file query_14.csv (CSV, C-alpha atoms)
chain,number,residue,atom,x,y,z
A,17,MET,CA,77.4,-46.7,32.2
A,18,HIS,CA,74.0,-45.3,33.0
A,19,SER,CA,72.5,-45.7,36.5
A,20,PRO,CA,69.3,-47.8,36.9
A,21,SER,CA,67.4,-44.7,38.1
A,22,LYS,CA,68.2,-43.0,34.8
A,23,TRP,CA,66.8,-46.0,32.9
A,24,PHE,CA,63.7,-45.9,35.0
A,25,ALA,CA,63.2,-42.2,34.2
A,26,ILE,CA,63.6,-42.7,30.5
A,27,VAL,CA,61.1,-45.7,30.4
A,28,GLY,CA,58.7,-43.8,32.6
A,29,ALA,CA,58.7,-40.8,30.4
A,30,ALA,CA,58.2,-42.9,27.3
A,31,LEU,CA,55.2,-44.7,28.9
A,32,ILE,CA,53.7,-41.4,30.0
A,33,GLY,CA,54.2,-40.0,26.4
A,34,LEU,CA,52.5,-43.1,24.9
A,35,THR,CA,49.6,-42.9,27.3
A,36,LEU,CA,49.1,-39.2,26.5
A,37,MET,CA,49.2,-39.9,22.7
A,38,ALA,CA,46.6,-42.7,23.1
A,39,SER,CA,44.2,-40.6,25.2
A,40,ALA,CA,44.5,-37.5,22.9
A,41,PRO,CA,41.1,-36.8,21.3
A,42,SER,CA,41.2,-38.1,17.7
A,43,GLN,CA,39.4,-36.2,15.0
A,44,PRO,CA,36.1,-37.9,14.3
A,45,PRO,CA,35.6,-39.0,10.7
A,46,PRO,CA,33.6,-36.6,8.5
A,47,PRO,CA,29.9,-37.6,8.1
A,48,SER,CA,29.4,-40.0,5.2
A,49,ASP,CA,27.1,-39.3,2.3
A,50,ASP,CA,24.8,-42.1,3.6
A,51,GLU,CA,24.5,-40.3,7.0
A,52,VAL,CA,23.7,-37.0,5.3
A,53,ASN,CA,21.2,-38.6,2.9
A,54,ALA,CA,19.5,-40.6,5.7
A,55,ILE,CA,18.4,-37.2,7.2
A,56,ALA,CA,18.0,-35.5,3.8
A,57,HIS,CA,15.6,-38.2,2.7
A,58,GLN,CA,13.2,-37.1,5.4
A,59,MET,CA,13.0,-33.6,4.1
A,60,TYR,CA,11.7,-31.7,1.1
A,61,CYS,CA,13.0,-28.4,-0.2
A,62,PRO,CA,10.1,-25.9,-0.8
A,63,VAL,CA,11.8,-24.7,-4.0
A,64,CYS,CA,11.5,-28.1,-5.7
A,65,GLU,CA,8.4,-29.6,-4.3
A,66,ASN,CA,7.8,-33.4,-4.4
A,67,VAL,CA,11.5,-34.1,-4.7
A,68,PRO,CA,13.2,-35.4,-1.6
A,69,LEU,CA,16.2,-33.4,-0.5
A,70,ASP,CA,18.6,-36.4,-0.9
A,71,VAL,CA,18.0,-36.6,-4.6
A,72,CYS,CA,17.1,-33.0,-5.5
A,73,PRO,CA,19.7,-31.7,-8.0
A,74,THR,CA,19.3,-28.0,-7.4
A,75,GLU,CA,21.8,-25.6,-6.0
A,76,ALA,CA,19.5,-24.8,-3.0
A,77,CYS,CA,19.2,-28.5,-2.1
A,78,ALA,CA,23.0,-29.0,-2.4
A,79,GLN,CA,23.4,-26.1,0.1
A,80,TRP,CA,21.0,-27.7,2.4
A,81,ARG,CA,22.8,-31.1,2.3
A,82,ALA,CA,26.0,-29.2,3.0
A,83,THR,CA,24.4,-27.7,6.1
A,84,ILE,CA,23.3,-31.1,7.2
A,85,ARG,CA,26.9,-32.4,6.8
A,86,GLU,CA,28.2,-29.4,8.8
A,87,LYS,CA,25.7,-29.9,11.6
A,88,LEU,CA,26.5,-33.7,11.8
A,89,ALA,CA,30.2,-32.9,12.0
A,90,GLU,CA,29.5,-30.5,14.8
A,91,GLY,CA,27.8,-33.4,16.7
A,92,TRP,CA,24.2,-32.5,16.2
A,93,SER,CA,21.6,-35.2,16.4
A,94,GLU,CA,19.1,-36.0,13.7
A,95,SER,CA,16.2,-34.4,15.6
A,96,GLN,CA,18.3,-31.3,16.4
A,97,ILE,CA,19.0,-30.9,12.7
A,98,LYS,CA,15.4,-31.4,11.7
A,99,ASP,CA,14.3,-28.9,14.4
A,100,TYR,CA,16.8,-26.4,13.0
A,101,PHE,CA,15.4,-26.8,9.4
A,102,VAL,CA,11.9,-26.4,10.7
A,103,GLU,CA,12.8,-23.2,12.5
A,104,GLN,CA,14.6,-21.8,9.5
A,105,TYR,CA,12.2,-22.9,6.7
A,106,GLY,CA,9.0,-24.0,8.2
A,107,ALA,CA,7.4,-27.4,9.0
A,108,ARG,CA,6.6,-28.1,5.3
A,109,VAL,CA,10.3,-29.1,4.8
A,110,LEU,CA,9.5,-32.3,6.7
A,111,ALA,CA,8.3,-35.4,4.8
A,112,SER,CA,6.1,-36.4,7.7
A,113,PRO,CA,4.2,-33.4,9.1
A,114,PRO,CA,4.4,-32.8,12.9
A,115,ALA,CA,1.3,-34.2,14.7
A,116,ARG,CA,-0.4,-31.0,15.7
A,117,GLY,CA,-3.3,-28.8,14.6
A,118,LEU,CA,-4.9,-29.9,11.3
A,119,ASN,CA,-2.0,-32.2,10.7
A,120,TRP,CA,-3.6,-34.6,13.1
A,121,LEU,CA,-6.1,-35.4,10.3
A,122,VAL,CA,-3.3,-37.0,8.3
A,123,TYR,CA,-2.7,-39.4,11.1
A,124,ILE,CA,-6.3,-40.0,12.2
A,125,LEU,CA,-8.3,-40.2,9.0
A,126,PRO,CA,-6.5,-43.1,7.2
A,127,PRO,CA,-6.7,-45.5,10.2
A,128,ALA,CA,-10.3,-44.2,11.1
A,129,THR,CA,-11.4,-44.9,7.5
A,130,PHE,CA,-9.8,-48.3,7.6
A,131,LEU,CA,-11.5,-49.2,10.9
A,132,ALA,CA,-14.9,-47.9,9.6
A,133,GLY,CA,-14.4,-50.0,6.4
A,134,ALA,CA,-13.5,-53.1,8.4
A,135,TYR,CA,-16.6,-52.6,10.6
A,136,ILE,CA,-18.9,-52.3,7.6
A,137,LEU,CA,-17.4,-55.4,6.1
A,138,PHE,CA,-17.7,-57.3,9.3
A,139,ARG,CA,-21.4,-56.3,9.5
A,140,ALA,CA,-22.0,-57.3,5.9
A,141,PHE,CA,-20.3,-60.7,6.3
A,142,ARG,CA,-22.2,-61.4,9.5
A,143,SER,CA,-25.6,-60.6,7.9
A,144,TRP,CA,-24.7,-62.8,4.8
A,145,GLY,CA,-23.8,-65.7,7.1
A,146,ARG,CA,-27.2,-65.7,8.9
A,147,PRO,CA,-29.9,-68.1,7.6
A,148,ALA,CA,-32.4,-66.3,5.5
A,149,GLU,CA,-35.6,-65.3,7.3
A,150,PRO,CA,-38.6,-67.5,6.4
A,151,GLN,CA,-40.5,-66.1,3.5
A,152,THR,CA,-43.9,-64.8,4.4
A,153,PRO,CA,-46.4,-66.9,2.5
A,154,ALA,CA,-48.1,-65.3,-0.4
A,155,GLU,CA,-51.3,-66.2,1.2
A,156,SER,CA,-50.8,-63.7,4.0
A,157,ASP,CA,-50.1,-61.0,1.4
A,158,SER,CA,-53.3,-61.7,-0.2
A,159,LYS,CA,-55.0,-61.3,3.1
A,160,VAL,CA,-53.4,-58.0,3.6
A,161,ASP,CA,-53.6,-56.6,0.1
A,162,PRO,CA,-57.0,-56.9,-1.6
A,163,TYR,CA,-55.5,-56.2,-5.0
A,164,VAL,CA,-53.2,-59.3,-4.7
A,165,ALA,CA,-56.1,-61.4,-3.5
A,166,ARG,CA,-58.1,-60.4,-6.5
A,167,LEU,CA,-55.2,-61.1,-8.9
A,168,GLU,CA,-54.6,-64.5,-7.4
A,169,GLU,CA,-58.3,-65.3,-7.6
A,170,GLU,CA,-58.4,-64.3,-11.2
A,171,LEU,CA,-55.3,-66.5,-12.0
A,172,ARG,CA,-56.9,-69.4,-10.2
A,173,ARG,CA,-60.1,-69.1,-12.2
A,174,ARG,CA,-58.3,-68.9,-15.6
A,175,SER,CA,-55.9,-71.8,-14.9
B,4,MET,CA,-49.2,-51.8,1.2
B,5,THR,CA,-46.7,-51.4,-1.7
B,6,ASP,CA,-43.1,-52.9,-1.7
B,7,GLU,CA,-41.5,-49.4,-1.3
B,8,SER,CA,-43.5,-48.6,1.7
B,9,ALA,CA,-42.6,-52.0,3.1
B,10,LEU,CA,-38.9,-51.2,2.7
B,11,GLU,CA,-39.3,-47.8,4.3
B,12,ALA,CA,-40.9,-49.3,7.2
B,13,VAL,CA,-37.8,-51.5,8.0
B,14,PRO,CA,-36.3,-49.8,11.1
B,15,THR,CA,-32.6,-48.8,10.7
B,16,PRO,CA,-30.5,-49.7,13.8
B,17,LYS,CA,-29.3,-46.6,15.7
B,18,SER,CA,-25.7,-47.6,15.6
B,19,THR,CA,-25.8,-48.0,11.8
B,20,ARG,CA,-27.4,-44.6,11.4
B,21,TRP,CA,-24.7,-42.9,13.5
B,22,GLY,CA,-22.0,-44.8,11.6
B,23,VAL,CA,-23.4,-43.4,8.3
B,24,ILE,CA,-23.5,-39.9,9.7
B,25,LEU,CA,-19.9,-40.3,10.9
B,26,VAL,CA,-18.7,-41.5,7.6
B,27,TRP,CA,-20.4,-38.5,5.8
B,28,VAL,CA,-18.9,-36.1,8.3
B,29,LEU,CA,-15.4,-37.5,7.7
B,30,VAL,CA,-15.9,-37.4,3.9
B,31,PHE,CA,-17.1,-33.8,4.0
B,32,GLY,CA,-14.3,-32.8,6.4
B,33,LEU,CA,-11.7,-34.3,4.2
B,34,LEU,CA,-13.2,-32.5,1.1
B,35,ALA,CA,-13.2,-29.2,3.0
B,36,VAL,CA,-9.6,-29.6,4.0
B,37,VAL,CA,-8.6,-30.4,0.4
B,38,GLY,CA,-10.8,-27.6,-1.0
B,39,LEU,CA,-9.3,-25.0,1.3
B,40,GLY,CA,-5.8,-26.2,0.4
B,41,LEU,CA,-6.6,-25.9,-3.3
B,42,ILE,CA,-8.2,-22.4,-2.9
B,43,ARG,CA,-5.0,-21.3,-1.1
B,44,THR,CA,-2.8,-22.7,-3.8
B,45,GLN,CA,-4.8,-21.0,-6.5
B,46,GLN,CA,-5.0,-17.7,-4.8
B,47,GLY,CA,-1.7,-16.3,-6.3
B,48,ASN,CA,0.2,-13.4,-5.0
B,49,ILE,CA,-1.2,-10.7,-2.7
B,50,GLY,CA,-3.1,-8.3,-4.9
B,51,VAL,CA,-2.3,-4.6,-5.7
B,52,GLY,CA,-4.4,-2.4,-3.4
B,53,ALA,CA,-4.6,-5.1,-0.7
B,54,ARG,CA,-3.5,-4.3,2.8
B,55,VAL,CA,-0.1,-5.8,3.3
B,56,PRO,CA,0.1,-8.0,6.4
B,57,ASP,CA,2.4,-6.9,9.2
B,58,PHE,CA,5.6,-8.9,9.5
B,59,GLN,CA,8.8,-8.8,11.4
B,60,LEU,CA,12.2,-9.3,9.8
B,61,THR,CA,15.2,-10.2,11.9
B,62,THR,CA,18.2,-9.1,9.9
B,63,PHE,CA,21.4,-11.0,9.6
B,64,ASP,CA,22.9,-8.4,12.0
B,65,GLY,CA,20.3,-9.3,14.6
B,66,ALA,CA,18.3,-6.1,14.3
B,67,SER,CA,14.5,-6.3,14.1
B,68,VAL,CA,12.5,-4.5,11.5
B,69,ASN,CA,8.7,-4.3,12.0
B,70,MET,CA,6.5,-3.5,9.0
B,71,ALA,CA,4.0,-1.7,11.3
B,72,ASP,CA,6.8,0.8,12.3
B,73,LEU,CA,7.3,1.7,8.7
B,74,ARG,CA,3.8,3.1,8.0
B,75,GLY,CA,4.0,6.4,6.3
B,76,GLN,CA,7.0,5.4,4.2
B,77,VAL,CA,7.3,3.6,0.9
B,78,VAL,CA,8.7,0.1,1.5
B,79,VAL,CA,10.3,-2.0,-1.1
B,80,VAL,CA,10.4,-5.7,-0.1
B,81,ASN,CA,12.6,-7.8,-2.3
B,82,PHE,CA,12.5,-11.6,-2.0
B,83,TRP,CA,15.8,-13.2,-3.1
B,84,ALA,CA,18.1,-16.2,-2.7
B,85,SER,CA,21.8,-16.8,-3.3
B,86,TRP,CA,21.0,-19.8,-5.5
B,87,CYS,CA,18.7,-17.7,-7.7
B,88,ILE,CA,20.5,-16.6,-10.8
B,89,PRO,CA,17.9,-14.1,-12.0
B,90,CYS,CA,18.2,-12.4,-8.6
B,91,GLU,CA,21.8,-11.5,-9.5
B,92,GLN,CA,20.5,-9.5,-12.5
B,93,GLU,CA,18.9,-6.9,-10.2
B,94,ALA,CA,21.0,-7.1,-7.0
B,95,ALA,CA,23.4,-4.2,-7.9
B,96,GLU,CA,20.6,-2.1,-9.3
B,97,LEU,CA,18.5,-2.5,-6.1
B,98,GLU,CA,21.4,-1.3,-4.0
B,99,MET,CA,21.8,1.7,-6.4
B,100,ALA,CA,18.1,2.5,-6.1
B,101,HIS,CA,18.4,2.3,-2.3
B,102,GLN,CA,21.3,4.7,-2.3
B,103,GLN,CA,19.4,7.1,-4.6
B,104,LEU,CA,16.1,7.0,-2.7
B,105,LYS,CA,16.9,6.4,0.9
B,106,ASP,CA,16.7,10.1,1.8
B,107,GLN,CA,13.2,10.4,0.2
B,108,GLY,CA,11.3,8.2,2.7
B,109,VAL,CA,11.9,4.9,0.9
B,110,VAL,CA,12.9,1.8,2.8
B,111,PHE,CA,14.4,-1.2,1.1
B,112,LEU,CA,14.1,-4.6,2.8
B,113,GLY,CA,15.6,-7.8,1.5
B,114,VAL,CA,14.0,-11.1,2.5
B,115,ASN,CA,16.3,-14.0,2.0
B,116,TYR,CA,14.1,-17.0,0.9
B,117,VAL,CA,15.0,-20.6,1.6
B,118,ASP,CA,18.7,-20.1,1.8
B,119,THR,CA,21.7,-20.9,3.9
B,120,GLU,CA,23.2,-18.0,5.9
B,121,ARG,CA,26.8,-18.4,4.7
B,122,GLU,CA,25.9,-18.2,1.0
B,123,ALA,CA,23.4,-15.4,1.7
B,124,LEU,CA,26.0,-13.3,3.4
B,125,ALA,CA,28.5,-14.0,0.6
B,126,TYR,CA,25.9,-12.8,-1.9
B,127,LEU,CA,25.3,-9.6,0.0
B,128,ASP,CA,29.0,-9.0,0.2
B,129,ARG,CA,29.5,-9.7,-3.5
B,130,PHE,CA,26.9,-7.1,-4.5
B,131,ASP,CA,27.8,-4.6,-1.7
B,132,ILE,CA,24.2,-4.6,-0.5
B,133,THR,CA,23.8,-2.3,2.5
B,134,TYR,CA,20.1,-2.1,3.1
B,135,ALA,CA,18.4,-4.3,5.7
B,136,ASN,CA,18.4,-8.0,4.8
B,137,GLY,CA,17.4,-11.0,6.8
B,138,PRO,CA,16.3,-14.6,6.5
B,139,ASP,CA,12.6,-15.5,6.0
B,140,LEU,CA,12.5,-17.6,9.2
B,141,GLY,CA,9.9,-20.4,8.8
B,142,THR,CA,9.0,-18.9,5.4
B,143,ARG,CA,6.4,-16.9,7.2
B,144,ILE,CA,6.9,-13.7,5.3
B,145,SER,CA,6.9,-15.4,1.9
B,146,GLN,CA,3.7,-17.2,2.8
B,147,ALA,CA,2.1,-14.0,3.9
B,148,PHE,CA,2.9,-12.5,0.5
B,149,ARG,CA,2.0,-15.8,-1.2
B,150,ILE,CA,5.1,-15.5,-3.4
B,151,ARG,CA,5.6,-18.1,-6.2
B,152,GLY,CA,9.4,-17.9,-6.5
B,153,VAL,CA,12.3,-15.5,-6.4
B,154,PRO,CA,13.0,-12.8,-7.3
B,155,GLU,CA,9.8,-11.0,-6.5
B,156,THR,CA,9.5,-7.4,-5.3
B,157,TYR,CA,6.6,-5.7,-3.6
B,158,ILE,CA,6.3,-2.0,-3.3
B,159,ILE,CA,4.1,-0.9,-0.4
B,160,GLY,CA,2.7,2.6,-0.4
B,161,ARG,CA,2.6,5.0,2.5
B,162,ASP,CA,-0.9,3.8,3.4
B,163,GLY,CA,0.3,0.3,4.0
B,164,ARG,CA,-1.3,-1.0,0.8
B,165,LEU,CA,0.4,-2.9,-1.9
B,166,ALA,CA,1.2,-0.4,-4.7
B,167,GLN,CA,3.2,-2.5,-7.2
B,168,VAL,CA,4.4,-6.0,-7.7
B,169,GLN,CA,7.4,-7.1,-9.8
B,170,ILE,CA,7.5,-10.8,-10.6
B,171,GLY,CA,11.0,-11.7,-11.8
B,172,PRO,CA,14.0,-9.4,-11.9
B,173,TYR,CA,13.9,-5.7,-12.7
B,174,LEU,CA,15.7,-5.0,-15.9
B,175,SER,CA,17.3,-1.7,-15.1
B,176,LEU,CA,17.8,0.9,-12.4
B,177,GLY,CA,15.5,3.2,-14.2
B,178,GLN,CA,12.7,0.7,-14.0
B,179,ILE,CA,13.1,0.3,-10.2
B,180,VAL,CA,13.3,4.1,-9.6
B,181,ALA,CA,10.2,4.7,-11.9
B,182,SER,CA,8.2,2.0,-10.0
B,183,VAL,CA,9.1,3.4,-6.6
B,184,THR,CA,8.5,7.0,-7.7
B,185,SER,CA,5.1,6.3,-9.0
B,186,SER,CA,4.3,4.5,-5.7
B,187,MET,CA,5.4,7.6,-3.8
B,188,GLU,CA,3.0,9.7,-5.8
B,189,GLU,CA,0.0,7.4,-5.2
call {"tool": "encode", "arguments": {"input": "query_14.csv", "output": "structure tokens"}}
result
Amino acid sequence: MHSPSKWFAIVGAALIGLTLMASAPSQPPPPSDDEVNAIAHQMYCPVCENVPLDVCPTEACAQWRATIREKLAEGWSESQIKDYFVEQYGARVLASPPARGLNWLVYILPPATFLAGAYILFRAFRSWGRPAEPQTPAESDSKVDPYVARLEEELRRRS
Amino acid sequence: MTDESALEAVPTPKSTRWGVILVWVLVFGLLAVVGLGLIRTQQGNIGVGARVPDFQLTTFDGASVNMADLRGQVVVVNFWASWCIPCEQEAAELEMAHQQLKDQGVVFLGVNYVDTEREALAYLDRFDITYANGPDLGTRISQAFRIRGVPETYIIGRDGRLAQVQIGPYLSLGQIVASVTSSMEE
């Protein structure tokens, strides 16, 4: 018959083993296509302009998507991956240009144009809503302009 | 007083006048930006006889090659990519030309355009390419040369001016050697 201390030792060892197994770092799942495409959708490959990276069928773009997958698997964040691509291939790979230099125009001009348009419309609507200014009587014109006065005089005589 | 002169006499509020000026400035600014972009797009490759801009290539080994340091030598700059099938047609011939001409003051440089490092290194290994090669970081070098695609090869004379341009792959070793030799004589 086994002594109780032996049983304790066996149970203790089993518990420690189970605890270690549970705390062992598990392999994270590989990045899904959706995760890769979510980043790829924000980039354009300079080789095939106007086609987002997530749907571009060329070999170059397939390599880029593989690079995104690798970086995600290594634990890189979205912004780190985008920074890496900008460093490697230039800022034009980004769907939204970084807000610096002349790029600011892209961000400033549309809202500025919209605001200017809204202001012009506001002014136009306000002026249409105002009651019309009283018409200056024709008589006063005739006082000012001798030609009009003569014309009216002529018309009065003929009628 | 006529109707026209009466209209002219109506005073324009100052704020409206400044608003109109601002709108015109914005419109002309936008047109200028678009126009400059179009001019740049239509410019095409750097022309033969033009001074080649200085650039720095960091090779895959980490070495740095500066164009300014290569003045007095004929420099062959080849833009390529591992995904570019036509580039493969000339890869082995470029290496052969490098071996043939390296002792005659001719430097070959490979600029890897929009590529991933692993595939680029595999390509260099596949074609046993030994001359200096590096990635076009930020596509700065290709933009300076205004390349339209790959492969493109630029032969720069001893005076730092562009002597020859080859758009598309070279068809033979003889064609590469002939181009470089004629650039050496210029």
call {"tool": "residues_around", "arguments": {"input": "query_14.csv", "residues": "segment 39-47 of chain B", "least_positions_apart": "4", "cutoff": "10 Å", "atoms": "only C-alpha atoms", "output": "list of chain:residue names"}}
result
B:Leu34, B:Ala35, B:Phe148, B:Arg149, B:Ile150, B:Arg151
call {"tool": "write_last_selection", "arguments": {"input": "query_14.csv", "atoms": "C-alpha atoms", "output": "short mmCIF file (atom, residue, chain, number, x, y, z; two decimals), in the frame of the given file"}}
result
data_model
loop_
_atom_site.label_atom_id
_atom_site.label_comp_id
_atom_site.auth_asym_id
_atom_site.auth_seq_id
_atom_site.Cartn_x
_atom_site.Cartn_y
_atom_site.Cartn_z
CA LEU B 34 -13.20 -32.50 1.10
CA ALA B 35 -13.20 -29.20 3.00
CA PHE B 148 2.90 -12.50 0.50
CA ARG B 149 2.00 -15.80 -1.20
CA ILE B 150 5.10 -15.50 -3.40
CA ARG B 151 5.60 -18.10 -6.20
#
call {"tool": "residues_near_point", "arguments": {"input": "query_14.csv", "point": "(19.3, -11.8, -15.1)", "cutoff": "9 Å", "atoms": "only C-alpha atoms", "output": "ChimeraX atom specification"}}
result
/B:88-93,171-174
call {"tool": "atom_distance", "arguments": {"input": "query_14.csv", "atom1": "atom CA of Gly137 of chain B", "atom2": "atom CA of Glu96 of chain B"}}
result
18.7 Å
call {"tool": "residues_around", "arguments": {"input": "query_14.csv", "residues": "segment 59-68 of chain A", "least_positions_apart": "4", "cutoff": "7 Å", "atoms": "only C-alpha atoms", "output": "PyMOL selection string"}}
result
chain A and resi 72+77+109-111
call {"tool": "residues_around", "arguments": {"input": "query_14.csv", "residues": "segment 140-147 of chain B", "least_positions_apart": "3", "cutoff": "7 Å", "atoms": "all atoms listed in the file", "output": "PyMOL selection string"}}
result
(chain A and resi 102-106) or (chain B and resi 56+58+150)
call {"tool": "interface_residues", "arguments": {"input": "query_14.csv", "of": "chain B", "to": "chain A", "cutoff": "9 Å", "atoms": "all atoms listed in the file", "output": "PyMOL selection string"}}
result
chain B and resi 4-5+22+26+29+33+36+84-87+116-119+122+138-143+152
call {"tool": "closest_residue", "arguments": {"input": "query_14.csv", "among": "A:Ala115, A:Leu88, A:Ile124, A:Ala25", "to": "Glu51 of chain A", "atoms": "only C-alpha atoms"}}
result
A:Leu88
call {"tool": "atom_distance", "arguments": {"input": "query_14.csv", "atom1": "atom CA of Gly75 of chain B", "atom2": "atom CA of Ile132 of chain B"}}
result
24.0 Å
call {"tool": "atom_distance", "arguments": {"input": "query_14.csv", "atom1": "atom CA of Gln103 of chain B", "atom2": "atom CA of Leu176 of chain B"}}
result
10.1 Å
call {"tool": "decode", "arguments": {"input": "query_14.csv", "residues": "segment 59-76 of chain B", "atoms": "N, CA and C atoms", "output": "JSON list (two decimals), in the first residue's frame"}}
result
[["chain", "number", "residue", "atom", "x", "y", "z"],
["B", 59, "GLN", "N", 21.50, 58.12, -53.94],
["B", 59, "GLN", "CA", 22.24, 57.19, -53.07],
["B", 59, "GLN", "C", 21.48, 55.87, -53.02],
["B", 60, "LEU", "N", 22.20, 54.81, -53.29],
["B", 60, "LEU", "CA", 21.59, 53.48, -53.26],
["B", 60, "LEU", "C", 22.17, 52.70, -52.09],
["B", 61, "THR", "N", 21.29, 52.23, -51.23],
["B", 61, "THR", "CA", 21.74, 51.36, -50.15],
["B", 61, "THR", "C", 21.51, 49.93, -50.61],
["B", 62, "THR", "N", 22.59, 49.18, -50.73],
["B", 62, "THR", "CA", 22.47, 47.84, -51.30],
["B", 62, "THR", "C", 21.86, 46.87, -50.29],
["B", 63, "PHE", "N", 21.49, 45.70, -50.78],
["B", 63, "PHE", "CA", 20.91, 44.68, -49.90],
["B", 63, "PHE", "C", 21.92, 44.25, -48.83],
["B", 64, "ASP", "N", 23.21, 44.44, -49.10],
["B", 64, "ASP", "CA", 24.24, 44.10, -48.10],
["B", 64, "ASP", "C", 24.41, 45.21, -47.07],
["B", 65, "GLY", "N", 23.78, 46.34, -47.30],
["B", 65, "GLY", "CA", 23.90, 47.46, -46.36],
["B", 65, "GLY", "C", 24.95, 48.48, -46.77],
["B", 66, "ALA", "N", 25.64, 48.23, -47.89],
["B", 66, "ALA", "CA", 26.64, 49.21, -48.36],
["B", 66, "ALA", "C", 25.93, 50.39, -49.02],
["B", 67, "SER", "N", 26.64, 51.51, -49.06],
["B", 67, "SER", "CA", 26.02, 52.70, -49.64],
["B", 67, "SER", "C", 26.79, 53.11, -50.89],
["B", 68, "VAL", "N", 26.06, 53.31, -51.98],
["B", 68, "VAL", "CA", 26.69, 53.72, -53.24],
["B", 68, "VAL", "C", 26.13, 55.10, -53.58],
["B", 69, "ASN", "N", 27.05, 56.06, -53.75],
["B", 69, "ASN", "CA", 26.61, 57.41, -54.06],
["B", 69, "ASN", "C", 26.99, 57.74, -55.49],
["B", 70, "MET", "N", 26.04, 58.22, -56.23],
["B", 70, "MET", "CA", 26.27, 58.53, -57.65],
["B", 70, "MET", "C", 27.37, 59.59, -57.81],
["B", 71, "ALA", "N", 27.40, 60.53, -56.89],
["B", 71, "ALA", "CA", 28.40, 61.61, -56.99],
["B", 71, "ALA", "C", 29.83, 61.05, -56.91],
["B", 72, "ASP", "N", 30.00, 59.93, -56.20],
["B", 72, "ASP", "CA", 31.33, 59.33, -56.06],
["B", 72, "ASP", "C", 31.75, 58.57, -57.31],
["B", 73, "LEU", "N", 30.83, 58.37, -58.24],
["B", 73, "LEU", "CA", 31.13, 57.56, -59.42],
["B", 73, "LEU", "C", 31.43, 58.41, -60.66],
["B", 74, "ARG", "N", 31.55, 59.73, -60.47],
["B", 74, "ARG", "CA", 31.88, 60.61, -61.59],
["B", 74, "ARG", "C", 33.23, 60.19, -62.18],
["B", 75, "GLY", "N", 33.31, 60.23, -63.50],
["B", 75, "GLY", "CA", 34.54, 59.80, -64.17],
["B", 75, "GLY", "C", 34.47, 58.35, -64.62],
["B", 76, "GLN", "N", 33.40, 57.67, -64.22],
["B", 76, "GLN", "CA", 33.22, 56.29, -64.66],
["B", 76, "GLN", "C", 31.89, 56.20, -65.42]]
